[in-house]
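Peer 1: Provided below: start02.cif, containing mmCIF, C-alpha atoms.
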data_data
#
loop_
_atom_site.label_atom_id
_atom_site.label_comp_id
_atom_site.auth_asym_id
_atom_site.auth_seq_id
_atom_site.Cartn_x
_atom_site.Cartn_y
_atom_site.Cartn_z
CA MET M 1 96.50 135.68 104.80
CA GLU M 2 93.23 134.14 103.66
CA THR M 3 95.10 131.19 102.15
CA GLN M 4 96.90 130.56 105.45
CA ASN M 5 93.57 130.64 107.31
CA ASN M 6 92.10 128.15 104.85
CA LYS M 7 95.09 125.83 105.35
CA ALA M 8 94.69 126.11 109.10
CA LYS M 9 91.02 125.14 108.80
CA ASP M 10 91.95 122.20 106.58
CA LYS M 11 94.44 121.02 109.22
CA ILE M 12 91.68 121.09 111.84
CA ASN M 13 89.33 119.13 109.55
CA THR M 14 92.01 116.52 108.73
CA PRO M 15 93.87 115.94 112.02
CA HIS M 16 95.19 112.56 110.80
CA LEU M 17 97.10 114.23 107.96
CA THR M 18 100.48 115.83 108.57
CA VAL M 19 100.86 117.11 105.00
CA LEU M 20 97.84 118.18 102.90
CA PRO M 21 97.48 117.46 99.15
CA ASP M 22 98.56 120.92 97.96
CA GLU M 23 101.30 121.48 100.53
CA LYS M 24 104.88 121.59 99.31
CA VAL M 25 107.34 118.87 100.26
CA SER M 26 111.09 119.12 99.59
CA PHE M 27 112.58 117.29 96.63
CA GLY M 28 114.44 114.80 98.87
CA GLN M 29 111.38 114.01 100.98
CA SER M 30 109.20 113.69 97.89
CA ALA M 31 111.66 111.22 96.36
CA LEU M 32 111.84 109.08 99.53
CA LEU M 33 108.11 109.12 100.23
CA GLY M 34 107.29 108.53 96.56
CA LEU M 35 109.54 105.47 96.59
CA GLN M 36 107.57 104.25 99.60
CA HIS M 37 104.35 104.24 97.57
CA VAL M 38 106.07 102.48 94.68
CA MET M 39 107.37 99.74 97.00
CA ALA M 40 103.91 99.22 98.47
CA MET M 41 102.42 98.58 94.99
CA ASP M 42 102.79 95.23 93.22
CA VAL M 43 102.91 96.83 89.77
CA TYR M 44 105.13 94.11 88.31
CA VAL M 45 102.66 91.31 89.15
CA VAL M 46 100.08 92.04 86.41
CA PRO M 47 102.55 92.00 83.47
CA PHE M 48 104.21 88.94 85.02
CA LEU M 49 100.85 87.12 85.11
CA ILE M 50 100.00 88.14 81.55
CA ALA M 51 103.40 86.93 80.31
CA MET M 52 102.83 83.61 82.07
CA LEU M 53 99.22 83.18 80.89
CA ILE M 54 99.87 83.86 77.19
CA GLY M 55 103.33 82.27 77.12
CA LEU M 56 105.59 85.23 76.32
CA GLN M 57 109.31 84.57 75.98
CA SER M 58 111.74 85.99 78.54
CA GLY M 59 112.69 89.04 76.46
CA GLN M 60 109.05 89.82 75.64
CA ALA M 61 108.05 89.49 79.32
CA THR M 62 110.82 91.89 80.38
CA ALA M 63 109.73 94.40 77.72
CA LEU M 64 106.10 94.19 78.94
CA ILE M 65 107.16 94.79 82.56
CA GLN M 66 109.25 97.81 81.48
CA SER M 67 106.35 99.27 79.48
CA THR M 68 103.99 98.71 82.42
CA PHE M 69 106.27 100.62 84.81
CA ILE M 70 106.60 103.56 82.39
CA ALA M 71 102.84 103.62 81.69
CA ALA M 72 102.08 103.58 85.44
CA GLY M 73 104.49 106.47 85.99
CA ILE M 74 103.18 108.69 83.22
CA ALA M 75 99.54 107.91 84.12
CA THR M 76 100.21 108.74 87.80
CA ILE M 77 101.72 112.12 86.90
CA VAL M 78 98.89 112.89 84.43
CA GLN M 79 96.17 112.04 86.97
CA THR M 80 97.80 113.64 90.03
CA TYR M 81 99.27 116.79 88.52
CA PHE M 82 97.12 117.60 85.48
CA CYS M 83 93.70 115.93 85.66
CA MET M 84 92.07 114.91 88.94
CA LYS M 85 94.71 116.73 90.99
CA LEU M 86 94.36 114.34 93.94
CA PRO M 87 97.05 112.05 95.46
CA ILE M 88 96.32 108.99 93.34
CA ALA M 89 98.81 106.45 92.01
CA GLN M 90 98.01 104.57 88.81
CA GLY M 91 99.03 101.02 88.07
CA PRO M 92 98.05 98.07 85.85
CA SER M 93 94.61 96.70 86.61
CA TYR M 94 93.85 93.05 87.36
CA VAL M 95 90.32 93.45 85.95
CA PRO M 96 91.18 92.95 82.23
CA LEU M 97 93.34 89.83 82.74
CA GLY M 98 90.69 87.36 81.57
CA ALA M 99 89.66 89.56 78.65
CA ILE M 100 93.28 90.05 77.54
CA VAL M 101 93.91 86.30 77.46
CA GLY M 102 90.56 85.71 75.70
CA ILE M 103 91.20 88.35 73.00
CA TYR M 104 94.78 87.13 72.54
CA VAL M 105 93.73 83.51 72.00
CA ALA M 106 90.64 84.35 69.90
CA SER M 107 92.78 86.51 67.59
CA GLY M 108 95.19 83.67 66.89
CA GLY M 109 97.89 84.46 69.48
CA GLY M 110 101.37 85.73 68.66
CA GLU M 111 101.87 89.24 67.28
CA LEU M 112 98.35 89.36 65.83
CA GLY M 113 96.80 88.37 69.17
CA TRP M 114 98.74 91.02 71.09
CA SER M 115 98.04 93.71 68.49
CA SER M 116 94.31 92.96 68.84
CA VAL M 117 94.57 93.41 72.62
CA LEU M 118 96.36 96.76 72.20
CA GLY M 119 93.97 97.98 69.47
CA ALA M 120 90.90 97.18 71.58
CA SER M 121 92.50 98.86 74.62
CA LEU M 122 93.25 101.97 72.56
CA ILE M 123 89.66 102.40 71.33
CA GLY M 124 88.24 101.67 74.80
CA ALA M 125 90.49 104.36 76.31
CA ILE M 126 89.25 106.93 73.79
CA LEU M 127 85.64 106.15 74.76
CA VAL M 128 86.51 106.63 78.46
CA ILE M 129 88.01 110.05 77.65
CA ILE M 130 84.78 110.99 75.83
CA LEU M 131 82.76 109.94 78.91
CA GLY M 132 84.83 112.38 80.96
CA PHE M 133 84.58 115.29 78.53
CA THR M 134 80.80 114.93 78.16
CA GLY M 135 80.25 114.61 81.93
CA VAL M 136 78.14 111.45 81.47
CA PHE M 137 80.08 109.44 84.06
CA ASN M 138 79.75 112.21 86.66
CA LYS M 139 75.97 112.23 86.21
CA ILE M 140 75.94 108.47 86.76
CA VAL M 141 77.93 108.89 90.01
CA LYS M 142 75.65 111.68 91.32
CA THR M 143 72.50 109.74 90.51
CA PHE M 144 73.49 106.30 91.69
CA ILE M 145 76.21 106.64 94.38
CA PRO M 146 75.00 108.33 97.62
CA PRO M 147 77.16 108.05 100.80
CA VAL M 148 75.77 104.65 101.86
CA VAL M 149 76.64 103.18 98.44
CA GLY M 150 79.98 105.02 98.22
CA GLY M 151 80.93 103.85 101.72
CA THR M 152 79.97 100.28 100.83
CA ILE M 153 82.14 100.39 97.69
CA ILE M 154 85.14 101.64 99.71
CA PHE M 155 84.54 98.93 102.33
CA VAL M 156 84.41 96.12 99.77
CA VAL M 157 87.59 97.44 98.10
CA GLY M 158 89.47 96.74 101.34
CA LEU M 159 87.56 93.54 102.00
CA SER M 160 88.24 92.08 98.54
CA LEU M 161 91.98 92.68 98.82
CA MET M 162 92.42 91.04 102.24
CA PRO M 163 92.06 87.39 101.10
CA VAL M 164 94.43 88.13 98.20
CA GLY M 165 97.05 89.55 100.57
CA LEU M 166 96.67 86.69 103.03
CA SER M 167 96.44 83.80 100.56
CA ASP M 168 98.51 84.80 97.52
CA ASN M 169 101.12 86.95 99.25
CA ILE M 170 101.54 85.11 102.56
CA TYR M 171 100.17 81.56 102.64
CA LYS M 172 101.12 80.75 99.04
CA GLY M 173 104.07 83.15 98.72
CA ALA M 174 106.77 81.65 96.51
CA GLY M 175 110.38 81.07 97.59
CA ALA M 176 109.72 80.25 101.25
CA THR M 177 107.81 77.85 103.49
CA ILE M 178 104.43 78.86 104.91
CA ASN M 179 106.04 79.22 108.38
CA GLN M 180 108.70 81.57 107.02
CA ASN M 181 106.10 83.57 105.11
CA ILE M 182 103.92 84.02 108.19
CA TYR M 183 106.94 85.15 110.25
CA LEU M 184 108.00 87.59 107.54
CA ALA M 185 104.48 89.01 107.25
CA LEU M 186 104.24 89.39 111.03
CA ILE M 187 107.63 91.14 111.19
CA SER M 188 106.74 93.70 108.49
CA ALA M 189 103.24 94.27 109.94
CA ILE M 190 104.53 94.70 113.52
CA VAL M 191 107.32 97.07 112.42
CA LEU M 192 104.74 99.10 110.47
CA ILE M 193 102.43 99.41 113.48
CA ILE M 194 105.33 100.28 115.84
CA CYS M 195 106.52 103.04 113.49
CA VAL M 196 103.01 104.52 113.21
CA MET M 197 102.54 104.39 116.99
CA LEU M 198 105.94 106.07 117.56
CA GLY M 199 104.90 108.80 115.16
CA SER M 200 101.55 109.30 116.91
CA PHE M 201 103.02 109.16 120.45
CA PHE M 202 106.01 111.47 119.96
CA ARG M 203 104.28 113.79 117.47
CA LYS M 204 106.96 116.05 115.92
CA LYS M 205 110.00 114.03 117.06
CA GLY M 206 108.46 110.76 115.92
CA ARG M 207 107.04 112.15 112.66
CA VAL M 208 109.84 110.59 110.61
CA PHE M 209 108.83 107.10 111.83
CA ARG M 210 105.24 107.57 110.73
CA ILE M 211 105.89 109.07 107.31
CA THR M 212 108.48 106.40 106.43
CA SER M 213 106.69 103.55 108.21
CA VAL M 214 105.96 101.56 105.03
CA ILE M 215 109.50 101.68 103.67
CA ILE M 216 110.97 100.85 107.12
CA ALA M 217 108.61 97.87 107.43
CA LEU M 218 109.55 96.58 103.96
CA ILE M 219 113.28 96.97 104.68
CA ALA M 220 112.93 95.23 108.06
CA GLY M 221 111.02 92.36 106.44
CA SER M 222 113.62 92.06 103.66
CA VAL M 223 116.48 91.99 106.20
CA ALA M 224 114.65 89.23 108.09
CA ALA M 225 114.20 87.37 104.80
CA LYS M 226 117.94 87.64 104.18
CA PHE M 227 118.68 86.04 107.55
CA MET M 228 116.18 83.27 106.76
CA GLY M 229 117.89 82.68 103.43
CA VAL M 230 114.80 83.44 101.33
CA LEU M 231 115.85 86.80 99.83
CA ASP M 232 116.97 86.08 96.26
CA LEU M 233 118.91 88.98 94.70
CA SER M 234 120.37 87.00 91.77
CA ALA M 235 117.99 88.62 89.26
CA VAL M 236 119.15 92.07 90.47
CA SER M 237 122.82 91.32 89.80
CA GLN M 238 122.03 89.94 86.33
CA ALA M 239 119.75 92.81 85.27
CA LYS M 240 121.05 95.71 83.18
CA TRP M 241 121.17 99.24 84.62
CA PHE M 242 119.66 100.73 81.46
CA SER M 243 117.54 99.21 78.73
CA MET M 244 115.25 100.75 76.13
CA PRO M 245 111.50 100.06 76.34
CA GLN M 246 109.30 98.98 73.43
CA ILE M 247 108.72 101.37 70.53
CA PRO M 248 105.22 101.59 68.95
CA PHE M 249 104.90 100.28 65.37
CA ALA M 250 108.50 99.03 65.52
CA ASP M 251 108.23 96.41 68.28
CA PHE M 252 104.44 96.01 68.13
CA SER M 253 101.40 97.19 66.16
CA PHE M 254 97.64 97.71 66.57
CA THR M 255 94.80 95.69 65.07
CA PHE M 256 91.17 96.78 65.40
CA ASN M 257 88.79 93.87 65.78
CA ILE M 258 85.11 94.69 66.46
CA SER M 259 84.43 91.80 68.86
CA ALA M 260 87.67 92.50 70.75
CA ILE M 261 86.76 96.20 71.02
CA ILE M 262 83.25 95.42 72.36
CA THR M 263 84.78 93.04 74.91
CA MET M 264 87.29 95.67 76.06
CA VAL M 265 84.61 98.39 76.29
CA ILE M 266 82.68 96.14 78.72
CA ILE M 267 85.91 95.71 80.70
CA TYR M 268 86.46 99.47 80.81
CA ILE M 269 82.94 99.98 82.23
CA VAL M 270 83.74 97.45 84.97
CA LEU M 271 87.13 99.13 85.46
CA MET M 272 85.51 102.56 85.96
CA ALA M 273 83.14 101.10 88.54
CA GLU M 274 86.16 99.76 90.43
CA THR M 275 88.28 102.91 90.19
CA THR M 276 85.38 104.99 91.53
CA GLY M 277 85.84 103.11 94.81
CA THR M 278 89.50 104.20 94.88
CA TRP M 279 88.52 107.83 94.32
CA PHE M 280 86.02 107.69 97.17
CA ALA M 281 88.62 106.05 99.42
CA VAL M 282 91.22 108.77 98.72
CA SER M 283 88.60 111.50 99.06
CA ASN M 284 87.58 110.13 102.46
CA VAL M 285 91.17 109.80 103.72
CA ILE M 286 92.02 113.42 102.84
CA ASP M 287 88.56 114.57 104.03
CA LYS M 288 87.72 116.39 100.78
CA PRO M 289 84.47 115.47 98.98
CA LEU M 290 84.82 114.83 95.26
CA THR M 291 83.59 117.71 93.10
CA ASP M 292 81.83 117.29 89.76
CA LYS M 293 84.86 118.79 88.03
CA GLN M 294 87.25 116.36 89.75
CA ILE M 295 85.18 113.32 88.78
CA ASN M 296 85.01 114.42 85.13
CA ARG M 297 88.72 115.22 85.05
CA GLY M 298 89.43 111.93 86.83
CA VAL M 299 87.61 109.99 84.10
CA ILE M 300 89.57 111.91 81.46
CA GLY M 301 92.81 111.17 83.35
CA GLU M 302 91.91 107.48 83.57
CA GLY M 303 91.24 107.40 79.85
CA ILE M 304 94.48 109.23 79.00
CA GLY M 305 96.44 106.85 81.26
CA CYS M 306 94.94 103.80 79.52
CA PHE M 307 95.57 105.39 76.10
CA ILE M 308 99.24 105.99 76.97
CA ALA M 309 99.54 102.44 78.32
CA SER M 310 98.22 101.07 75.01
CA LEU M 311 100.61 103.24 73.00
CA LEU M 312 103.49 101.87 75.09
CA GLY M 313 102.40 98.28 74.46
CA SER M 314 101.03 97.75 77.98
CA THR M 315 97.61 97.03 79.50
CA PRO M 316 94.94 99.34 81.06
CA VAL M 317 95.85 101.24 84.23
CA THR M 318 93.68 102.25 87.16
CA GLY M 319 93.89 104.05 90.51
CA TYR M 320 95.37 101.86 93.26
CA SER M 321 93.32 101.85 96.45
CA THR M 322 96.28 100.63 98.54
CA ASN M 323 97.78 104.11 98.32
CA ALA M 324 94.79 105.53 100.19
CA GLY M 325 95.73 103.22 103.06
CA VAL M 326 99.37 104.34 102.87
CA ILE M 327 98.24 108.00 103.06
CA SER M 328 96.18 107.18 106.15
CA ILE M 329 99.12 105.39 107.79
CA THR M 330 101.79 108.00 107.01
CA GLY M 331 99.63 111.14 107.12
CA ILE M 332 101.33 112.40 103.93
CA ALA M 333 98.87 113.35 101.17
CA SER M 334 101.06 115.72 99.14
CA ARG M 335 100.56 115.48 95.39
CA ARG M 336 104.29 116.15 94.97
CA VAL M 337 104.98 112.79 96.59
CA PHE M 338 102.79 111.06 94.00
CA VAL M 339 104.43 112.93 91.14
CA ALA M 340 107.75 111.64 92.56
CA ALA M 341 106.25 108.12 92.65
CA GLY M 342 105.37 108.51 88.98
CA ALA M 343 108.94 109.59 88.22
CA TRP M 344 110.27 106.51 90.08
CA PHE M 345 108.03 104.27 87.96
CA VAL M 346 109.40 105.79 84.75
CA LEU M 347 112.97 105.39 86.05
CA PHE M 348 112.30 101.73 86.91
CA GLY M 349 110.90 101.28 83.39
CA PHE M 350 114.25 102.30 81.92
CA SER M 351 116.33 100.40 84.48
CA GLY M 352 115.98 96.64 84.64
CA LYS M 353 118.16 96.53 87.77
CA LEU M 354 115.93 98.87 89.80
CA ALA M 355 112.78 97.08 88.65
CA ALA M 356 114.35 93.75 89.61
CA LEU M 357 115.19 95.14 93.07
CA ILE M 358 111.53 95.97 93.72
CA SER M 359 110.50 92.56 92.37
CA ALA M 360 112.97 90.86 94.73
CA ILE M 361 111.09 91.92 97.89
CA PRO M 362 109.49 88.68 99.18
CA SER M 363 105.73 88.59 98.60
CA ALA M 364 105.10 87.78 102.28
CA VAL M 365 106.91 90.97 103.35
CA ILE M 366 104.69 93.02 101.06
CA GLY M 367 101.70 90.98 102.25
CA GLY M 368 102.28 91.94 105.89
CA VAL M 369 102.02 95.63 104.99
CA PHE M 370 99.32 95.01 102.38
CA VAL M 371 96.76 93.42 104.74
CA ILE M 372 97.12 96.29 107.25
CA VAL M 373 96.52 98.76 104.43
CA CYS M 374 93.46 96.77 103.30
CA GLY M 375 91.99 96.91 106.80
CA ILE M 376 92.44 100.68 106.91
CA ILE M 377 90.71 101.08 103.53
CA ALA M 378 87.74 99.03 104.80
CA ILE M 379 87.50 101.19 107.92
CA SER M 380 87.53 104.31 105.71
CA GLY M 381 84.37 102.97 104.08
CA LEU M 382 82.69 102.61 107.46
CA GLN M 383 83.64 106.20 108.30
CA VAL M 384 81.87 107.43 105.17
CA MET M 385 78.67 105.76 106.39
CA LYS M 386 78.96 106.70 110.07
CA ASN M 387 76.64 109.72 109.79
CA GLU M 388 74.07 107.92 107.64
CA ARG M 389 70.89 106.40 109.02
CA ILE M 390 71.27 102.62 108.69
CA GLY M 391 67.74 101.29 108.35
CA GLU M 392 66.57 97.89 107.14
CA LYS M 393 67.07 98.83 103.48
CA GLU M 394 70.60 100.12 104.10
CA MET M 395 71.53 96.92 105.95
CA TYR M 396 70.88 94.90 102.79
CA VAL M 397 72.60 97.50 100.58
CA ILE M 398 75.73 97.02 102.72
CA ALA M 399 75.46 93.31 103.62
CA VAL M 400 74.70 91.76 100.21
CA PRO M 401 77.68 93.38 98.38
CA MET M 402 79.89 92.44 101.32
CA ILE M 403 78.85 88.78 101.08
CA LEU M 404 79.11 88.86 97.29
CA THR M 405 82.65 90.29 97.49
CA LEU M 406 83.83 87.42 99.68
CA ALA M 407 81.93 84.87 97.59
CA LEU M 408 83.55 86.03 94.33
CA THR M 409 86.99 86.46 95.89
CA LEU M 410 86.87 82.86 97.09
CA LEU M 411 85.13 81.51 93.95
CA PRO M 412 87.07 78.52 92.52
CA ASP M 413 88.72 79.30 89.17
CA ASP M 414 87.34 76.11 87.59
CA PHE M 415 83.77 77.28 88.17
CA LEU M 416 84.52 80.85 87.06
CA TYR M 417 85.99 79.69 83.73
CA SER M 418 82.95 77.48 83.09
CA LEU M 419 80.70 80.57 82.95
CA PRO M 420 79.94 82.63 79.81
CA THR M 421 82.81 84.96 78.85
CA THR M 422 80.97 88.21 79.68
CA VAL M 423 80.02 86.86 83.12
CA GLN M 424 83.66 85.87 83.67
CA TYR M 425 84.77 89.45 83.06
CA LEU M 426 82.21 90.76 85.54
CA PHE M 427 82.71 88.15 88.26
CA GLY M 428 86.48 88.41 87.83
CA SER M 429 86.23 91.81 89.56
CA PRO M 430 84.50 91.34 92.94
CA VAL M 431 84.63 95.10 93.62
CA ALA M 432 82.96 96.07 90.35
CA THR M 433 80.25 93.40 90.77
CA ALA M 434 79.62 94.39 94.40
CA ALA M 435 79.47 98.07 93.39
CA ILE M 436 76.85 97.36 90.72
CA VAL M 437 74.78 95.26 93.16
CA ALA M 438 74.97 98.01 95.84
CA ILE M 439 73.75 100.59 93.30
CA VAL M 440 70.90 98.35 92.07
CA LEU M 441 69.75 97.42 95.59
CA ASN M 442 69.79 101.06 96.70
CA LYS M 443 67.53 101.97 93.77
CA LEU M 444 65.18 98.96 93.91
CA LEU M 445 64.66 98.34 97.63
CA PRO M 446 61.92 100.48 99.25
CA SER M 447 62.92 102.87 102.05
CA ILE M 448 61.37 101.79 105.35
CA LYS M 449 60.94 104.53 107.94
#
What is this structure when it is put down as structure tokens?
Peer 2:
Amino acid sequence: METQNNKAKDKINTPHLTVLPDEKVSFGQSALLGLQHVMAMDVYVVPFLIAMLIGLQSGQATALIQSTFIAAGIATIVQTYFCMKLPIAQGPSYVPLGAIVGIYVASGGGELGWSSVLGASLIGAILVIILGFTGVFNKIVKTFIPPVVGGTIIFVVGLSLMPVGLSDNIYKGAGATINQNIYLALISAIVLIICVMLGSFFRKKGRVFRITSVIIALIAGSVAAKFMGVLDLSAVSQAKWFSMPQIPFADFSFTFNISAIITMVIIYIVLMAETTGTWFAVSNVIDKPLTDKQINRGVIGEGIGCFIASLLGSTPVTGYSTNAGVISITGIASRRVFVAAGAWFVLFGFSGKLAALISAIPSAVIGGVFVIVCGIIAISGLQVMKNERIGEKEMYVIAVPMILTLALTLLPDDFLYSLPTTVQYLFGSPVATAAIVAIVLNKLLPSIK
């Protein structure tokens, strides 16, 4: 009886959610809604970029993409079901891209270069796990991240992703003209909004539209792309239904290079600063403050996920903030859905055909959904700060990271690559840099009453 009363209270406190994190969802619904999260995540992009940047052959690139899907799936299940126990999806991080290429080249490229990347990632992941077990990271969060800083970090997470969604996914989306991309993005975004509004207006009868809004929008955009002649499914027909992923020590090995390890440890610190923003975003969407235990377990889960990724021959994983936006749109926060998403990732990792199907969705279609999600994440950050007194000090704590986020997001690559390597790693992650600046400003600037 007491449990039912507690659930009722939770429902009152989170009116925008239709299913709470610990509520049960049927197997069929979990599978469908989990697939929705998978389709909203561009998990295949990071391994694709790495393969392109270091010049992997076709077979090696396919193997990396498979390993990345499987690592994302296992890491999602570990974090959601065993460690942090919050609805969080894990995927490959963009943060280490520069470091990975740098370590690969500095180690001589080829098998030796890649083994150095994996060895450094493995050691870095172990250090992250230690941070979680000792509670050091949690103490850092409690000391340095009050609501005004946490809200700012969430806001810049959404803000930093918007230009990426607009420019890379829509304006520069491959396989179509800019006019076609804009139309496709508008179609998927409008369908998404219509579905959410139908769900909100008709309540119970329209609930199905809201909870499946993302997948409906992506299907509608893909159908439109088919009519425009820009949906290419040739890779899907050529891909195999089943293929084995890479096997450690048989298909790849690990080399432990001190300078590579130090570089990757710096990257992991930046990565943890970024993933903290995702945790705050999810916590705000489900209206449940993060506990000390959850933060510690979250760090452990992050470390285990990165360790598994390294063992599978893939790159570090992190929590994806876009899923917080999807939760807010659909109202579904069940952890079962995220476990199902993890299972889908693993399945895609063993099936080249299914992975190719996800990859075939035009980038502009994903972009139309993506930018809406980014906007919702940014608004979540503002909601965290709504009850805080915004004085002169707080204005700078919020404004400077916001400006810095846009400045680094729009920073020309030529200038970025001319900077010292360590600075490149830091500036390559606008969210992490903005988070550090917000923390420093909040500590250094005097409070004016």
Peer 1: Given only C-alpha atoms, how would the per-residue table for region 24-87 of chain M near region 114-128 of chain M read, listing every residue at most 12 Å away with its closest atom pair and distance in Å to one decimal, sorted by chain and number, as CSV?
Peer 2:
residue,atom,partner,partner_atom,distance
M:Ile50,CA,M:Trp114,CA,10.9
M:Ala51,CA,M:Trp114,CA,11.1
M:Ile54,CA,M:Trp114,CA,9.5
M:Gly55,CA,M:Trp114,CA,11.6
M:Leu56,CA,M:Trp114,CA,10.4
M:Gln60,CA,M:Trp114,CA,11.3
M:Leu64,CA,M:Trp114,CA,11.2
Peer 1: CA of Ser334 (chain M) to CA of Leu86 (chain M): how many Å, to one decimal?
Peer 2: 8.6 Å
Peer 1: Of the candidates M:Gly375, M:Pro21, M:Pro316, M:Gly303, which shows the shortest atom-to-atom distance to Tyr94 (chain M), using all atoms listed in the file?
Peer 2: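 Of M:Gly375, M:Pro21, M:Pro316, M:Gly303, the one nearest Tyr94 (chain M), counting all atoms listed in the file, is M:Pro316.
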Peer 1: Quick check, in Å to one decimal: how far apart do CA of Ala438 (chain M) and CA of Ile295 (chain M) lie?
Peer 2: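 Pair CA of Ala438 (chain M) / CA of Ile295 (chain M) returns 19.7 Å.
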Peer 1: I'd like the neighbourhood of Phe252 (chain M) as a list in words, where a residue qualifies if any of its atoms comes within 10 Å (using only C-alpha atoms), though same-chain residues fewer than 5 positions away should be ignored.
Peer 2: Glu111, Leu112, Trp114, Ser115, Leu118, Gln246, Ile247, Leu311, Leu312 and Gly313 of chain M
Peer 1: With region 31-39 of chain M as the partner and 12 Å as the cut-off, tabulate the residues of region 297-349 of chain M that qualify, each row holding the nearest pair of atoms and their distance in Å to one decimal, using only C-alpha atoms, sorted by chain and rising number, as JSON lines.
Peer 2:
{"residue": "M:Tyr320", "atom": "CA", "partner": "M:His37", "partner_atom": "CA", "distance": 10.2}
{"residue": "M:Ser321", "atom": "CA", "partner": "M:His37", "partner_atom": "CA", "distance": 11.3}
{"residue": "M:Thr322", "atom": "CA", "partner": "M:His37", "partner_atom": "CA", "distance": 8.9}
{"residue": "M:Asn323", "atom": "CA", "partner": "M:His37", "partner_atom": "CA", "distance": 6.6}
{"residue": "M:Ala324", "atom": "CA", "partner": "M:His37", "partner_atom": "CA", "distance": 10.0}
{"residue": "M:Gly325", "atom": "CA", "partner": "M:His37", "partner_atom": "CA", "distance": 10.3}
{"residue": "M:Val326", "atom": "CA", "partner": "M:His37", "partner_atom": "CA", "distance": 7.3}
{"residue": "M:Ile327", "atom": "CA", "partner": "M:His37", "partner_atom": "CA", "distance": 9.0}
{"residue": "M:Ile329", "atom": "CA", "partner": "M:His37", "partner_atom": "CA", "distance": 11.5}
{"residue": "M:Thr330", "atom": "CA", "partner": "M:Leu33", "partner_atom": "CA", "distance": 9.3}
{"residue": "M:Gly331", "atom": "CA", "partner": "M:Leu33", "partner_atom": "CA", "distance": 11.1}
{"residue": "M:Ile332", "atom": "CA", "partner": "M:Leu33", "partner_atom": "CA", "distance": 8.4}
{"residue": "M:Ala333", "atom": "CA", "partner": "M:Leu33", "partner_atom": "CA", "distance": 10.2}
{"residue": "M:Ser334", "atom": "CA", "partner": "M:Leu33", "partner_atom": "CA", "distance": 9.7}
{"residue": "M:Arg335", "atom": "CA", "partner": "M:Gly34", "partner_atom": "CA", "distance": 9.7}
{"residue": "M:Arg336", "atom": "CA", "partner": "M:Gly34", "partner_atom": "CA", "distance": 8.3}
{"residue": "M:Val337", "atom": "CA", "partner": "M:Gly34", "partner_atom": "CA", "distance": 4.8}
{"residue": "M:Phe338", "atom": "CA", "partner": "M:Gly34", "partner_atom": "CA", "distance": 5.8}
{"residue": "M:Val339", "atom": "CA", "partner": "M:Gly34", "partner_atom": "CA", "distance": 7.5}
{"residue": "M:Ala340", "atom": "CA", "partner": "M:Gly34", "partner_atom": "CA", "distance": 5.1}
{"residue": "M:Ala341", "atom": "CA", "partner": "M:Gly34", "partner_atom": "CA", "distance": 4.1}
{"residue": "M:Gly342", "atom": "CA", "partner": "M:Gly34", "partner_atom": "CA", "distance": 7.8}
{"residue": "M:Ala343", "atom": "CA", "partner": "M:Gly34", "partner_atom": "CA", "distance": 8.6}
{"residue": "M:Trp344", "atom": "CA", "partner": "M:Leu35", "partner_atom": "CA", "distance": 6.6}
{"residue": "M:Phe345", "atom": "CA", "partner": "M:Val38", "partner_atom": "CA", "distance": 7.2}
{"residue": "M:Val346", "atom": "CA", "partner": "M:Val38", "partner_atom": "CA", "distance": 11.0}
{"residue": "M:Leu347", "atom": "CA", "partner": "M:Leu35", "partner_atom": "CA", "distance": 11.1}
{"residue": "M:Phe348", "atom": "CA", "partner": "M:Val38", "partner_atom": "CA", "distance": 10.0}
Peer 1: Deliver the residues from the most recent selection as a file, using C-alpha atoms, as a short mmCIF file (atom, residue, chain, number, x, y, z; two decimals), keeping the file's coordinate frame.
Peer 2:
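Final output, saved to again.cif:
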data_model
loop_
_atom_site.label_atom_id
_atom_site.label_comp_id
_atom_site.auth_asym_id
_atom_site.auth_seq_id
_atom_site.Cartn_x
_atom_site.Cartn_y
_atom_site.Cartn_z
CA TYR M 320 95.37 101.86 93.26
CA SER M 321 93.32 101.85 96.45
CA THR M 322 96.28 100.63 98.54
CA ASN M 323 97.78 104.11 98.32
CA ALA M 324 94.79 105.53 100.19
CA GLY M 325 95.73 103.22 103.06
CA VAL M 326 99.37 104.34 102.87
CA ILE M 327 98.24 108.00 103.06
CA ILE M 329 99.12 105.39 107.79
CA THR M 330 101.79 108.00 107.01
CA GLY M 331 99.63 111.14 107.12
CA ILE M 332 101.33 112.40 103.93
CA ALA M 333 98.87 113.35 101.17
CA SER M 334 101.06 115.72 99.14
CA ARG M 335 100.56 115.48 95.39
CA ARG M 336 104.29 116.15 94.97
CA VAL M 337 104.98 112.79 96.59
CA PHE M 338 102.79 111.06 94.00
CA VAL M 339 104.43 112.93 91.14
CA ALA M 340 107.75 111.64 92.56
CA ALA M 341 106.25 108.12 92.65
CA GLY M 342 105.37 108.51 88.98
CA ALA M 343 108.94 109.59 88.22
CA TRP M 344 110.27 106.51 90.08
CA PHE M 345 108.03 104.27 87.96
CA VAL M 346 109.40 105.79 84.75
CA LEU M 347 112.97 105.39 86.05
CA PHE M 348 112.30 101.73 86.91
#
Peer 1: Which neighbours of region 139-155 of chain M fall inside 6 Å, counting all atoms listed in the file, when residues of the same chain fewer than 4 positions from it are skipped, and could you give them as JSON, numbers by chain?
Peer 2: {"M": [277, 281, 378, 381, 384, 385, 398, 435, 439]}
